[in-house]
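Q: Contents are mmCIF, C-alpha atoms; file name model_5.cif:
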```
data_query
loop_
_atom_site.label_atom_id
_atom_site.label_comp_id
_atom_site.auth_asym_id
_atom_site.auth_seq_id
_atom_site.Cartn_x
_atom_site.Cartn_y
_atom_site.Cartn_z
CA MET A 226 -109.56 -87.46 -33.01
CA SER A 227 -107.02 -88.20 -30.27
CA PRO A 228 -104.61 -85.51 -29.01
CA ARG A 229 -101.69 -87.59 -30.31
CA LEU A 230 -103.03 -87.47 -33.85
CA VAL A 231 -103.53 -83.72 -33.62
CA ILE A 232 -99.95 -83.29 -32.39
CA LEU A 233 -98.54 -85.48 -35.16
CA PHE A 234 -100.66 -83.70 -37.76
CA THR A 235 -99.32 -80.37 -36.51
CA VAL A 236 -95.71 -81.54 -36.87
CA VAL A 237 -96.35 -82.98 -40.35
CA LEU A 238 -97.96 -79.76 -41.57
CA ASP A 239 -95.18 -77.62 -40.10
CA LEU A 240 -92.61 -79.64 -42.07
CA VAL A 241 -94.78 -79.81 -45.19
CA GLY A 242 -95.08 -76.02 -45.07
CA PHE A 243 -91.30 -75.72 -44.70
CA GLY A 244 -90.60 -78.29 -47.40
CA LEU A 245 -93.12 -76.91 -49.90
CA VAL A 246 -91.06 -73.74 -50.20
CA ILE A 247 -87.61 -75.36 -50.60
CA PRO A 248 -87.76 -76.21 -54.35
CA LEU A 249 -89.21 -72.83 -55.32
CA MET A 250 -87.52 -70.52 -52.79
CA THR A 251 -84.72 -69.62 -55.19
CA PHE A 252 -87.03 -68.98 -58.13
CA TYR A 253 -89.54 -67.04 -56.02
CA ALA A 254 -86.89 -64.87 -54.37
CA GLU A 255 -85.16 -64.23 -57.70
CA SER A 256 -88.46 -62.92 -59.04
CA PHE A 257 -87.88 -60.10 -56.50
CA SER A 258 -84.30 -59.64 -57.83
CA ALA A 259 -82.73 -61.46 -54.88
CA THR A 260 -79.04 -62.33 -55.13
CA PRO A 261 -77.80 -65.88 -54.36
CA LEU A 262 -76.63 -64.65 -50.95
CA GLU A 263 -80.06 -63.20 -50.17
CA VAL A 264 -81.68 -66.48 -51.20
CA ALA A 265 -79.47 -68.39 -48.76
CA LEU A 266 -80.14 -65.85 -46.02
CA LEU A 267 -83.88 -66.50 -46.39
CA MET A 268 -83.11 -70.02 -45.18
CA SER A 269 -80.94 -68.73 -42.34
CA VAL A 270 -83.48 -66.27 -40.92
CA TYR A 271 -86.11 -69.04 -40.75
CA SER A 272 -83.75 -71.28 -38.77
CA LEU A 273 -82.59 -68.36 -36.60
CA ALA A 274 -86.18 -67.64 -35.60
CA GLN A 275 -86.71 -71.30 -34.73
CA PHE A 276 -83.46 -71.34 -32.74
CA LEU A 277 -84.60 -68.35 -30.67
CA PHE A 278 -88.30 -69.16 -30.27
CA ALA A 279 -88.36 -72.95 -29.66
CA PRO A 280 -87.51 -72.60 -25.94
CA VAL A 281 -89.79 -69.57 -25.68
CA TRP A 282 -92.85 -71.50 -26.87
CA GLY A 283 -91.95 -74.35 -24.52
CA GLN A 284 -91.70 -72.09 -21.48
CA VAL A 285 -94.89 -70.20 -22.33
CA SER A 286 -96.76 -73.50 -22.70
CA ASP A 287 -95.61 -74.44 -19.19
CA ARG A 288 -97.27 -71.30 -17.85
CA VAL A 289 -100.46 -70.95 -19.88
CA GLY A 290 -100.95 -74.46 -21.29
CA ARG A 291 -100.23 -76.38 -24.48
CA ARG A 292 -103.56 -75.70 -26.19
CA PRO A 293 -103.37 -71.87 -26.45
CA VAL A 294 -99.73 -71.99 -27.56
CA LEU A 295 -100.40 -74.57 -30.27
CA LEU A 296 -103.49 -72.75 -31.49
CA LEU A 297 -101.64 -69.42 -31.62
CA SER A 298 -98.60 -70.87 -33.39
CA ILE A 299 -100.74 -72.72 -35.97
CA ALA A 300 -102.77 -69.55 -36.66
CA LEU A 301 -99.57 -67.53 -37.07
CA THR A 302 -98.18 -70.19 -39.42
CA ALA A 303 -101.21 -69.91 -41.72
CA LEU A 304 -101.11 -66.12 -41.60
CA MET A 305 -97.39 -65.83 -42.32
CA LEU A 306 -97.56 -68.30 -45.22
CA ALA A 307 -100.40 -66.31 -46.77
CA ALA A 308 -98.43 -63.10 -46.26
CA PHE A 309 -95.32 -64.69 -47.79
CA ALA A 310 -97.33 -65.68 -50.88
CA SER A 311 -98.77 -62.14 -51.11
CA ALA A 312 -95.46 -60.31 -50.70
CA THR A 313 -94.66 -57.52 -53.15
CA ALA A 314 -91.06 -56.75 -52.15
CA LEU A 315 -87.96 -58.67 -51.09
CA TRP A 316 -87.91 -57.13 -47.60
CA MET A 317 -91.39 -58.55 -47.05
CA LEU A 318 -90.12 -62.03 -47.88
CA PHE A 319 -87.53 -61.69 -45.11
CA VAL A 320 -90.05 -60.39 -42.58
CA PHE A 321 -92.69 -63.04 -43.25
CA ARG A 322 -90.15 -65.86 -43.58
CA THR A 323 -88.68 -64.93 -40.19
CA LEU A 324 -92.11 -64.80 -38.55
CA HIS A 325 -93.02 -68.11 -40.18
CA GLY A 326 -89.92 -69.66 -38.59
CA ALA A 327 -90.91 -68.26 -35.20
CA ALA A 328 -94.43 -69.70 -35.55
CA THR A 329 -93.25 -73.18 -36.55
CA ALA A 330 -90.85 -73.33 -33.61
CA ASN A 331 -93.74 -75.00 -31.77
CA ILE A 332 -91.97 -78.38 -31.86
CA ALA A 333 -91.01 -77.85 -28.20
CA THR A 334 -94.70 -77.48 -27.31
CA ALA A 335 -95.66 -80.47 -29.46
CA GLN A 336 -93.09 -82.65 -27.69
CA ALA A 337 -94.27 -81.43 -24.27
CA ALA A 338 -97.91 -82.14 -25.18
CA MET A 339 -96.98 -85.62 -26.42
CA ALA A 340 -95.19 -86.28 -23.12
CA ASP A 341 -98.28 -85.05 -21.23
CA VAL A 342 -100.53 -87.69 -22.83
CA THR A 343 -98.03 -90.57 -22.83
CA ALA A 344 -96.97 -92.87 -20.01
CA PRO A 345 -93.27 -92.54 -19.08
CA GLU A 346 -92.43 -96.01 -20.35
CA ASP A 347 -93.91 -95.19 -23.78
CA ARG A 348 -92.40 -91.74 -24.27
CA ALA A 349 -89.42 -92.91 -26.32
CA LYS A 350 -91.83 -94.51 -28.79
CA ALA A 351 -94.01 -91.37 -28.80
CA MET A 352 -91.02 -89.13 -29.54
CA GLY A 353 -90.10 -91.58 -32.30
CA LEU A 354 -93.54 -90.95 -33.81
CA ILE A 355 -92.83 -87.21 -33.80
CA GLY A 356 -89.53 -87.92 -35.55
CA ALA A 357 -91.33 -90.04 -38.14
CA ALA A 358 -93.90 -87.28 -38.68
CA PHE A 359 -91.01 -84.86 -39.07
CA GLY A 360 -89.41 -87.03 -41.75
CA PHE A 361 -92.70 -87.66 -43.56
CA GLY A 362 -93.49 -83.94 -43.72
CA PHE A 363 -90.05 -83.08 -45.06
CA THR A 364 -90.30 -85.82 -47.70
CA LEU A 365 -93.79 -84.87 -48.87
CA GLY A 366 -93.30 -81.09 -48.76
CA PRO A 367 -90.53 -80.61 -51.35
CA PHE A 368 -92.11 -83.10 -53.74
CA LEU A 369 -95.52 -81.40 -53.57
CA GLY A 370 -93.94 -77.97 -53.80
CA GLY A 371 -92.08 -78.91 -56.95
CA GLU A 372 -95.09 -80.52 -58.63
CA LEU A 373 -97.45 -77.64 -57.79
CA SER A 374 -94.99 -75.01 -58.97
CA VAL A 375 -96.20 -75.56 -62.55
CA TYR A 376 -99.35 -73.66 -61.47
CA GLY A 377 -97.29 -70.69 -60.27
CA LEU A 378 -94.58 -70.19 -57.69
CA THR A 379 -97.07 -69.11 -55.04
CA ALA A 380 -99.45 -72.06 -55.52
CA PRO A 381 -97.56 -74.39 -53.13
CA ILE A 382 -97.34 -71.62 -50.53
CA TRP A 383 -101.08 -71.01 -50.66
CA LEU A 384 -101.64 -74.76 -50.26
CA ALA A 385 -99.43 -74.76 -47.16
CA ALA A 386 -101.40 -71.82 -45.77
CA GLY A 387 -104.67 -73.65 -46.43
CA LEU A 388 -103.44 -76.81 -44.75
CA SER A 389 -102.40 -74.80 -41.71
CA ALA A 390 -105.85 -73.21 -41.58
CA LEU A 391 -107.38 -76.70 -41.68
CA ASN A 392 -104.99 -77.75 -38.94
CA LEU A 393 -106.17 -74.80 -36.82
CA VAL A 394 -109.80 -75.86 -37.19
CA LEU A 395 -109.00 -79.47 -36.24
CA ALA A 396 -106.84 -78.44 -33.28
CA TRP A 397 -109.55 -76.04 -32.05
CA ARG A 398 -112.12 -78.82 -32.26
CA PHE A 399 -110.20 -81.87 -31.10
CA PHE A 400 -107.12 -80.85 -29.10
CA PRO A 401 -107.79 -80.53 -25.35
CA GLU A 402 -105.48 -78.98 -22.80
CA THR A 403 -102.92 -81.66 -21.87
CA ARG A 404 -100.79 -79.88 -19.25
CA ARG A 405 -101.55 -81.07 -15.76
CA PRO A 406 -101.61 -78.33 -13.09
CA GLY A 407 -98.29 -77.97 -11.34
CA THR A 408 -96.25 -79.81 -13.97
CA ARG A 409 -93.46 -78.26 -15.98
CA SER A 410 -91.37 -79.53 -18.86
CA GLU A 411 -87.58 -79.51 -18.72
CA ARG A 412 -87.17 -76.92 -21.47
CA ARG A 413 -84.46 -74.42 -20.68
CA PRO A 414 -83.63 -71.11 -22.32
CA ILE A 415 -80.65 -71.11 -24.66
CA SER A 416 -77.60 -70.47 -22.54
CA PRO A 417 -74.07 -69.79 -23.87
CA VAL A 418 -72.77 -71.03 -20.51
CA ALA A 419 -74.58 -74.35 -20.94
CA LEU A 420 -73.27 -74.67 -24.50
CA GLY A 421 -69.75 -73.97 -23.27
CA ARG A 422 -70.05 -76.62 -20.56
CA ALA A 423 -71.32 -79.18 -23.07
CA LEU A 424 -68.46 -78.47 -25.48
CA ALA A 425 -65.96 -78.78 -22.61
CA HIS A 426 -67.38 -82.19 -21.63
CA PRO A 427 -64.38 -84.57 -21.54
CA ALA A 428 -66.19 -87.40 -23.33
CA LEU A 429 -68.89 -85.73 -25.40
CA GLY A 430 -67.58 -82.28 -26.32
CA PHE A 431 -66.03 -83.46 -29.58
CA CYS A 432 -69.13 -85.49 -30.46
CA ILE A 433 -71.30 -82.40 -30.09
CA LEU A 434 -68.88 -80.51 -32.34
CA LEU A 435 -69.10 -83.36 -34.86
CA LEU A 436 -72.90 -83.08 -34.78
CA PHE A 437 -72.58 -79.34 -35.40
CA GLY A 438 -70.29 -79.96 -38.39
CA GLN A 439 -72.54 -82.62 -39.88
CA VAL A 440 -75.70 -80.48 -39.61
CA PHE A 441 -73.77 -77.39 -40.81
CA ALA A 442 -72.63 -79.20 -43.98
CA PHE A 443 -76.07 -80.64 -44.73
CA ALA A 444 -77.78 -77.26 -44.15
CA MET A 445 -75.27 -75.60 -46.47
CA MET A 446 -76.12 -78.10 -49.21
CA GLU A 447 -79.86 -77.79 -48.57
CA ALA A 448 -79.79 -73.99 -48.83
CA THR A 449 -77.67 -73.75 -51.99
CA PHE A 450 -78.68 -76.83 -53.96
CA THR A 451 -81.63 -75.16 -55.71
CA LEU A 452 -79.37 -72.28 -56.72
CA PHE A 453 -76.80 -74.78 -57.97
CA ALA A 454 -79.41 -76.87 -59.79
CA GLU A 455 -80.84 -73.81 -61.53
CA HIS A 456 -77.57 -72.15 -62.50
CA ARG A 457 -75.50 -75.27 -63.32
CA HIS A 458 -78.13 -77.72 -64.61
CA GLY A 459 -81.05 -75.49 -65.62
CA LEU A 460 -83.48 -77.53 -63.48
CA THR A 461 -87.04 -76.43 -62.82
CA PRO A 462 -88.72 -76.26 -59.39
CA SER A 463 -90.52 -79.56 -60.08
CA SER A 464 -87.21 -81.31 -60.86
CA VAL A 465 -85.62 -79.92 -57.70
CA GLY A 466 -88.65 -81.01 -55.66
CA ARG A 467 -88.31 -84.57 -56.95
CA LEU A 468 -84.62 -84.64 -56.01
CA PHE A 469 -85.37 -83.45 -52.49
CA GLY A 470 -88.20 -85.99 -52.34
CA LEU A 471 -85.64 -88.66 -53.27
CA ILE A 472 -83.50 -87.60 -50.31
CA GLY A 473 -86.54 -87.96 -48.06
CA VAL A 474 -87.52 -91.41 -49.34
CA VAL A 475 -83.98 -92.81 -49.13
CA GLY A 476 -83.59 -91.23 -45.69
CA ILE A 477 -86.77 -92.96 -44.47
CA VAL A 478 -85.49 -96.31 -45.77
CA VAL A 479 -82.10 -95.85 -44.09
CA GLN A 480 -83.34 -94.47 -40.78
CA GLY A 481 -86.49 -96.57 -40.65
CA GLY A 482 -85.13 -99.91 -41.78
CA LEU A 483 -81.33 -100.09 -41.91
CA ILE A 484 -79.86 -98.01 -39.11
CA ARG A 485 -81.20 -100.04 -36.18
CA PRO A 486 -79.75 -103.42 -37.26
CA LEU A 487 -76.51 -101.66 -38.19
CA LEU A 488 -76.30 -100.07 -34.76
CA ARG A 489 -77.03 -103.40 -33.05
CA ARG A 490 -74.39 -105.21 -35.07
CA LEU A 491 -71.63 -102.61 -35.37
CA GLY A 492 -72.37 -99.96 -32.77
CA GLU A 493 -72.01 -96.21 -33.16
CA ARG A 494 -68.22 -96.07 -33.12
CA PRO A 495 -67.60 -97.25 -36.72
CA LEU A 496 -70.87 -95.88 -38.11
CA VAL A 497 -70.21 -92.23 -37.21
CA PRO A 498 -67.00 -91.84 -39.28
CA ALA A 499 -68.43 -94.07 -42.03
CA GLY A 500 -71.55 -91.90 -42.31
CA LEU A 501 -69.48 -88.71 -42.34
CA PHE A 502 -67.19 -90.07 -45.07
CA ILE A 503 -70.18 -91.11 -47.18
CA LEU A 504 -71.76 -87.69 -46.75
CA ALA A 505 -68.46 -85.99 -47.67
CA LEU A 506 -68.15 -88.13 -50.81
CA SER A 507 -71.75 -87.48 -51.84
CA LEU A 508 -71.40 -83.70 -51.55
CA ALA A 509 -68.22 -83.74 -53.63
CA LEU A 510 -70.01 -85.84 -56.24
CA LEU A 511 -72.91 -83.38 -56.31
CA ALA A 512 -70.49 -80.68 -57.40
CA VAL A 513 -69.35 -82.64 -60.49
CA ALA A 514 -72.23 -85.00 -61.35
CA PRO A 515 -73.93 -84.38 -64.69
CA SER A 516 -77.70 -84.08 -64.91
CA GLY A 517 -79.88 -87.16 -64.86
CA LEU A 518 -79.09 -90.45 -63.14
CA PRO A 519 -75.62 -89.40 -61.86
CA LEU A 520 -77.11 -86.39 -60.08
CA MET A 521 -79.92 -88.55 -58.67
CA GLY A 522 -77.34 -91.09 -57.47
CA ALA A 523 -75.34 -88.38 -55.70
CA MET A 524 -78.49 -87.07 -53.99
CA ALA A 525 -79.43 -90.60 -52.88
CA LEU A 526 -75.92 -91.00 -51.45
CA VAL A 527 -76.40 -87.75 -49.52
CA ALA A 528 -79.45 -89.32 -47.85
CA VAL A 529 -77.46 -92.47 -47.01
CA GLY A 530 -74.64 -90.51 -45.38
CA GLN A 531 -77.07 -88.29 -43.50
CA GLY A 532 -79.21 -91.27 -42.48
CA ILE A 533 -76.20 -93.09 -41.00
CA SER A 534 -74.24 -90.26 -39.39
CA SER A 535 -77.02 -88.22 -37.76
CA PRO A 536 -78.85 -90.95 -35.75
CA SER A 537 -75.54 -92.63 -34.86
CA LEU A 538 -74.15 -89.40 -33.43
CA ASN A 539 -77.35 -88.60 -31.53
CA ALA A 540 -77.56 -92.14 -30.15
CA LEU A 541 -73.93 -92.05 -29.03
CA ILE A 542 -74.36 -88.69 -27.29
CA SER A 543 -77.51 -89.91 -25.53
CA ARG A 544 -75.93 -93.19 -24.39
CA ALA A 545 -72.69 -91.66 -23.15
CA ALA A 546 -74.35 -88.88 -21.15
CA SER A 547 -74.95 -89.85 -17.55
CA ALA A 548 -78.50 -89.85 -16.16
CA ASP A 549 -78.03 -86.56 -14.29
CA GLU A 550 -76.72 -84.69 -17.35
CA GLN A 551 -79.00 -86.06 -20.08
CA GLY A 552 -81.18 -82.97 -20.25
CA ALA A 553 -78.32 -80.49 -20.33
CA VAL A 554 -76.21 -82.43 -22.84
CA LEU A 555 -79.05 -83.31 -25.22
CA GLY A 556 -80.47 -79.78 -25.02
CA SER A 557 -77.07 -78.33 -25.85
CA ALA A 558 -76.68 -80.76 -28.74
CA GLN A 559 -80.06 -79.66 -30.14
CA SER A 560 -79.08 -76.01 -29.74
CA MET A 561 -75.82 -76.60 -31.61
CA SER A 562 -77.75 -78.33 -34.40
CA ALA A 563 -80.13 -75.38 -34.63
CA LEU A 564 -77.22 -72.94 -34.70
CA ALA A 565 -75.64 -74.95 -37.52
CA ARG A 566 -78.84 -74.59 -39.54
CA VAL A 567 -78.52 -70.82 -39.12
CA LEU A 568 -74.84 -70.48 -40.02
CA GLY A 569 -74.57 -73.16 -42.72
CA PRO A 570 -76.93 -71.54 -45.25
CA ALA A 571 -75.40 -68.08 -44.67
CA LEU A 572 -71.85 -69.29 -45.37
CA GLY A 573 -73.12 -71.34 -48.30
CA GLY A 574 -74.57 -68.21 -49.86
CA VAL A 575 -71.29 -66.33 -49.40
CA LEU A 576 -69.25 -69.16 -50.96
CA PHE A 577 -71.68 -69.51 -53.86
CA THR A 578 -71.49 -65.78 -54.57
CA GLN A 579 -67.75 -65.28 -54.11
CA PHE A 580 -66.21 -68.55 -55.36
CA GLY A 581 -68.70 -70.11 -57.77
CA GLU A 582 -71.54 -72.59 -57.92
CA PRO A 583 -69.81 -75.76 -56.60
CA ALA A 584 -67.90 -73.97 -53.80
CA PRO A 585 -70.40 -74.73 -50.98
CA PHE A 586 -70.34 -78.45 -51.79
CA TYR A 587 -66.54 -78.62 -51.89
CA PHE A 588 -66.27 -76.71 -48.61
CA ALA A 589 -68.88 -78.89 -46.92
CA SER A 590 -67.20 -82.04 -48.21
CA ALA A 591 -63.77 -80.95 -46.92
CA LEU A 592 -65.29 -80.06 -43.54
CA LEU A 593 -66.85 -83.51 -43.27
CA VAL A 594 -63.59 -85.27 -44.20
CA VAL A 595 -61.86 -83.47 -41.33
CA ALA A 596 -64.79 -84.31 -39.04
CA ALA A 597 -64.64 -87.98 -40.05
CA PHE A 598 -60.97 -88.22 -39.04
CA PHE A 599 -61.68 -86.54 -35.69
CA ALA A 600 -64.61 -88.94 -35.24
CA PHE A 601 -62.31 -91.87 -34.50
CA PRO A 602 -60.86 -90.50 -31.22
CA ALA A 603 -64.08 -88.64 -30.37
CA THR A 604 -66.27 -91.74 -30.60
CA ALA A 605 -63.70 -93.79 -28.70
CA ARG A 606 -63.96 -91.36 -25.78
CA ALA A 607 -67.74 -91.41 -25.88
CA VAL A 608 -67.94 -95.20 -26.01
CA ALA A 609 -65.53 -95.44 -23.07
CA ALA A 610 -67.82 -93.10 -21.09
CA ASP A 611 -70.97 -95.08 -21.89
CA PRO A 612 -72.31 -96.39 -18.54
CA SER A 613 -73.50 -99.62 -20.15
CA GLU A 614 -70.07 -100.22 -21.64
CA ALA A 615 -68.43 -99.58 -18.27
CA GLN A 616 -70.85 -102.04 -16.66
CA SER A 617 -70.04 -104.73 -19.25
CA ARG A 618 -66.30 -104.39 -18.57
CA ARG A 619 -66.77 -105.11 -14.88
#
```
Please express what this file holds, its structure, as structure tokens.
A:
Amino acid sequence: MSPRLVILFTVVLDLVGFGLVIPLMTFYAESFSATPLEVALLMSVYSLAQFLFAPVWGQVSDRVGRRPVLLLSIALTALMLAAFASATALWMLFVFRTLHGAATANIATAQAAMADVTAPEDRAKAMGLIGAAFGFGFTLGPFLGGELSVYGLTAPIWLAAGLSALNLVLAWRFFPETRRPGTRSERRPISPVALGRALAHPALGFCILLLFGQVFAFAMMEATFTLFAEHRHGLTPSSVGRLFGLIGVVGIVVQGGLIRPLLRRLGERPLVPAGLFILALSLALLAVAPSGLPLMGAMALVAVGQGISSPSLNALISRAASADEQGAVLGSAQSMSALARVLGPALGGVLFTQFGEPAPFYFASALLVVAAFFAFPATARAVAADPSEAQSRR
């Protein structure tokens, strides 16, 4: 088995393990008498641990190598999933969920290992494969989690732990050390100063804020939808898993087949506000859609809006950043996205608890409408700063 396959398998299993828990998280936590806010915070602590540990794993892998870091993180993933399934108190869910997030923050190491074994001219394609593995794992995880929940709420978690144990065996057997002596990746620790500089960027600051808002709104929906589906529609974990699986399938179709020709024909400037408006509309529809086909249609529309806005924003930020600031700008954009995945679920839980079941969707929708209007001047600035656009005007 080639190192690339081991890396991709690791990413898929990390996301499958994350996704397996999504449809049943609410039901499992409520079996420990968790409140809606505590359920949402279980999502936040996972993302917070990833936010803090992703650069840590990357830096450690620069010093000691990719192999020991991947092996350790995979082993910890299996252990924390098993502990999560064996928990007997709510505080244990928080502890093991946080440690699980820290363990699966190995994406930085996986990307560095993929870069180690890939020629420079092929690295964009290799990182695209990691992105595809990411999407596949997130699509498969919630669906499997929902279907397996009929055998007990812990059954999907035990499956995820078993798959991680299998992944550890395969990585131990087939994954060699890929770091060449004397080489270092460009991973940097999270720096408030760097984030401040990126947000103050004259051309890209607003685009990075738009990315934060878009991820914030989606994470808020993701964290509270199961609560909403249970309390408003009386859905089971298997039904919720199928709905999240629908988001994944539609997202793959949009990002895998539609977004590239749309970007070539229209460019990022009109697609960013269009995607944000579609996402805003879909979240508002989620709040009022009845069960059945209308709810499925609203969820599919969520995937369309997400599938258009997210890659368009990321592509625009990458294109408009100059060659000497690519690393800093893109790293700051990723950090802002990670921070949004921490804060979005937490606020969603507060809104759900204090203002009612549809409140997180209405808030997220309103936020995205405001973002869509700001997207027009923000994308105009970014397009004007694009070096290729400047070259074509000469």
Q: Quick one: residues within 8 Å of region 484-497 of chain A, only C-alpha atoms counted, chain neighbours fewer than 5 positions away excluded, as a short mmCIF file (atom, residue, chain, number, x, y, z; two decimals) with C-alpha atoms, keeping the file's coordinate frame?
A:
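For reference, result-v2.cif as written:
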```
data_model
loop_
_atom_site.label_atom_id
_atom_site.label_comp_id
_atom_site.auth_asym_id
_atom_site.auth_seq_id
_atom_site.Cartn_x
_atom_site.Cartn_y
_atom_site.Cartn_z
CA VAL A 479 -82.10 -95.85 -44.09
CA GLY A 532 -79.21 -91.27 -42.48
CA ILE A 533 -76.20 -93.09 -41.00
CA SER A 534 -74.24 -90.26 -39.39
CA SER A 535 -77.02 -88.22 -37.76
CA PRO A 536 -78.85 -90.95 -35.75
CA SER A 537 -75.54 -92.63 -34.86
CA LEU A 538 -74.15 -89.40 -33.43
CA ALA A 540 -77.56 -92.14 -30.15
CA LEU A 541 -73.93 -92.05 -29.03
CA ALA A 597 -64.64 -87.98 -40.05
CA ALA A 600 -64.61 -88.94 -35.24
CA PHE A 601 -62.31 -91.87 -34.50
CA THR A 604 -66.27 -91.74 -30.60
CA ALA A 605 -63.70 -93.79 -28.70
CA VAL A 608 -67.94 -95.20 -26.01
#
```
Q: Of the residues A:Phe437, A:Leu518, A:Leu506, A:Ala512, which is the one nearest to Asn539 (chain A), using all atoms listed in the file?
A: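 For Asn539 (chain A), the nearest of the given residues is A:Phe437.
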Q: Give as a list in words the residues that the PyMOL selection byres ((chain A and resi 327) around 10) matches when applied to the coordinates above.
A: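 Evaluating the PyMOL selection byres ((chain A and resi 327) around 10) on these coordinates yields Val270, Tyr271, Ser272, Leu273, Ala274, Gln275, Phe276, Leu277, Phe278, Ala279, Val281, Trp282, Ser298, Leu301, Thr302, Met305, Phe321, Arg322, Thr323, Leu324, His325, Gly326, Ala328, Thr329, Ala330 and Asn331 of chain A.
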Q: Got a sec: who's within 8 Å of region 472-477 of chain A, counting all atoms listed in the file, leaving out chain neighbours fewer than 6 positions off, as a list in words?
A: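 My list of contacting residues is Gly360, Phe361, Phe363, Thr364, Leu365, Met524, Ala525, Val527, Ala528, Val529, Gln531 and Gly532 of chain A.
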Q: Counting only C-alpha atoms, which residues of region 432-539 of chain A fall within 10 Å of region 569-583 of chain A, and what is the closest atom pair for each with its distance in Å at one decimal, ordered by chain and rising number, as a tab-separated table?
A:
```
residue	atom	partner	partner_atom	distance
A:Phe437	CA	A:Gly569	CA	9.8
A:Gly438	CA	A:Gly569	CA	9.1
A:Val440	CA	A:Gly569	CA	8.0
A:Phe441	CA	A:Gly569	CA	4.7
A:Ala442	CA	A:Gly569	CA	6.5
A:Phe443	CA	A:Gly569	CA	7.9
A:Ala444	CA	A:Gly569	CA	5.4
A:Met445	CA	A:Gly569	CA	4.5
A:Met446	CA	A:Gly573	CA	7.5
A:Glu447	CA	A:Pro570	CA	7.7
A:Ala448	CA	A:Pro570	CA	5.2
A:Thr449	CA	A:Gly573	CA	6.3
A:Phe450	CA	A:Glu582	CA	9.2
A:Leu452	CA	A:Glu582	CA	7.9
A:Phe453	CA	A:Glu582	CA	5.7
A:Ala454	CA	A:Glu582	CA	9.2
A:His456	CA	A:Glu582	CA	7.6
A:Arg457	CA	A:Glu582	CA	7.2
A:Leu508	CA	A:Pro583	CA	9.5
A:Ala509	CA	A:Pro583	CA	8.7
A:Leu511	CA	A:Pro583	CA	8.2
A:Ala512	CA	A:Pro583	CA	5.0
A:Val513	CA	A:Pro583	CA	7.9
```
Q: Please produce a file of those selected residues containing C-alpha atoms, as a PDB file, in the coordinates of the input.
A:
```pdb
ATOM      1  CA  PHE A 437     -72.580 -79.340 -35.400  1.00  0.00           C
ATOM      2  CA  GLY A 438     -70.290 -79.960 -38.390  1.00  0.00           C
ATOM      3  CA  VAL A 440     -75.700 -80.480 -39.610  1.00  0.00           C
ATOM      4  CA  PHE A 441     -73.770 -77.390 -40.810  1.00  0.00           C
ATOM      5  CA  ALA A 442     -72.630 -79.200 -43.980  1.00  0.00           C
ATOM      6  CA  PHE A 443     -76.070 -80.640 -44.730  1.00  0.00           C
ATOM      7  CA  ALA A 444     -77.780 -77.260 -44.150  1.00  0.00           C
ATOM      8  CA  MET A 445     -75.270 -75.600 -46.470  1.00  0.00           C
ATOM      9  CA  MET A 446     -76.120 -78.100 -49.210  1.00  0.00           C
ATOM     10  CA  GLU A 447     -79.860 -77.790 -48.570  1.00  0.00           C
ATOM     11  CA  ALA A 448     -79.790 -73.990 -48.830  1.00  0.00           C
ATOM     12  CA  THR A 449     -77.670 -73.750 -51.990  1.00  0.00           C
ATOM     13  CA  PHE A 450     -78.680 -76.830 -53.960  1.00  0.00           C
ATOM     14  CA  LEU A 452     -79.370 -72.280 -56.720  1.00  0.00           C
ATOM     15  CA  PHE A 453     -76.800 -74.780 -57.970  1.00  0.00           C
ATOM     16  CA  ALA A 454     -79.410 -76.870 -59.790  1.00  0.00           C
ATOM     17  CA  HIS A 456     -77.570 -72.150 -62.500  1.00  0.00           C
ATOM     18  CA  ARG A 457     -75.500 -75.270 -63.320  1.00  0.00           C
ATOM     19  CA  LEU A 508     -71.400 -83.700 -51.550  1.00  0.00           C
ATOM     20  CA  ALA A 509     -68.220 -83.740 -53.630  1.00  0.00           C
ATOM     21  CA  LEU A 511     -72.910 -83.380 -56.310  1.00  0.00           C
ATOM     22  CA  ALA A 512     -70.490 -80.680 -57.400  1.00  0.00           C
ATOM     23  CA  VAL A 513     -69.350 -82.640 -60.490  1.00  0.00           C
TER      24      VAL A 513
END
```
Q: On this structure, which residues satisfy the PyMOL selection byres ((chain A and resi 235) around 10), written as a list in words?
A: Arg229, Leu230, Val231, Ile232, Leu233, Phe234, Val236, Val237, Leu238, Asp239, Leu240, Val241, Leu295, Ile299, Thr329, Asn331, Ile332, Ala335, Ile355, Ala358, Phe359, Gly362, Leu388, Ser389, Asn392, Leu393, Leu395 and Ala396 of chain A
Q: Quote the spacing between CA of Met250 (chain A) and CA of Val375 (chain A) in Å to one decimal place.
A: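 If I compute the distance from CA of Met250 (chain A) to CA of Val375 (chain A), I get 14.0 Å.
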Q: As AutoDock Vina command-line options, please report the centre and edge lengths, rounded to one decimal in Å, of the axis-aligned box that holds all listed atoms of region 528-547 of chain A with 4 Å of padding on each of the six sides.
A:
```
--center_x -76.1 --center_y -90.7 --center_z -32.7 --size_x 14.8 --size_y 13.0 --size_z 38.3
```
Q: Could you list, as a ChimeraX atom specification, every residue matched by the PyMOL selection byres ((chain A and resi 263) around 10) in this structure?
A: /A:251,254-255,258-262,264-269,315,319,571,574-575,578
Q: Which value, in Å to one decimal, gives the distance between CA of Gln284 (chain A) and CA of Val394 (chain A)?
A: 24.3 Å
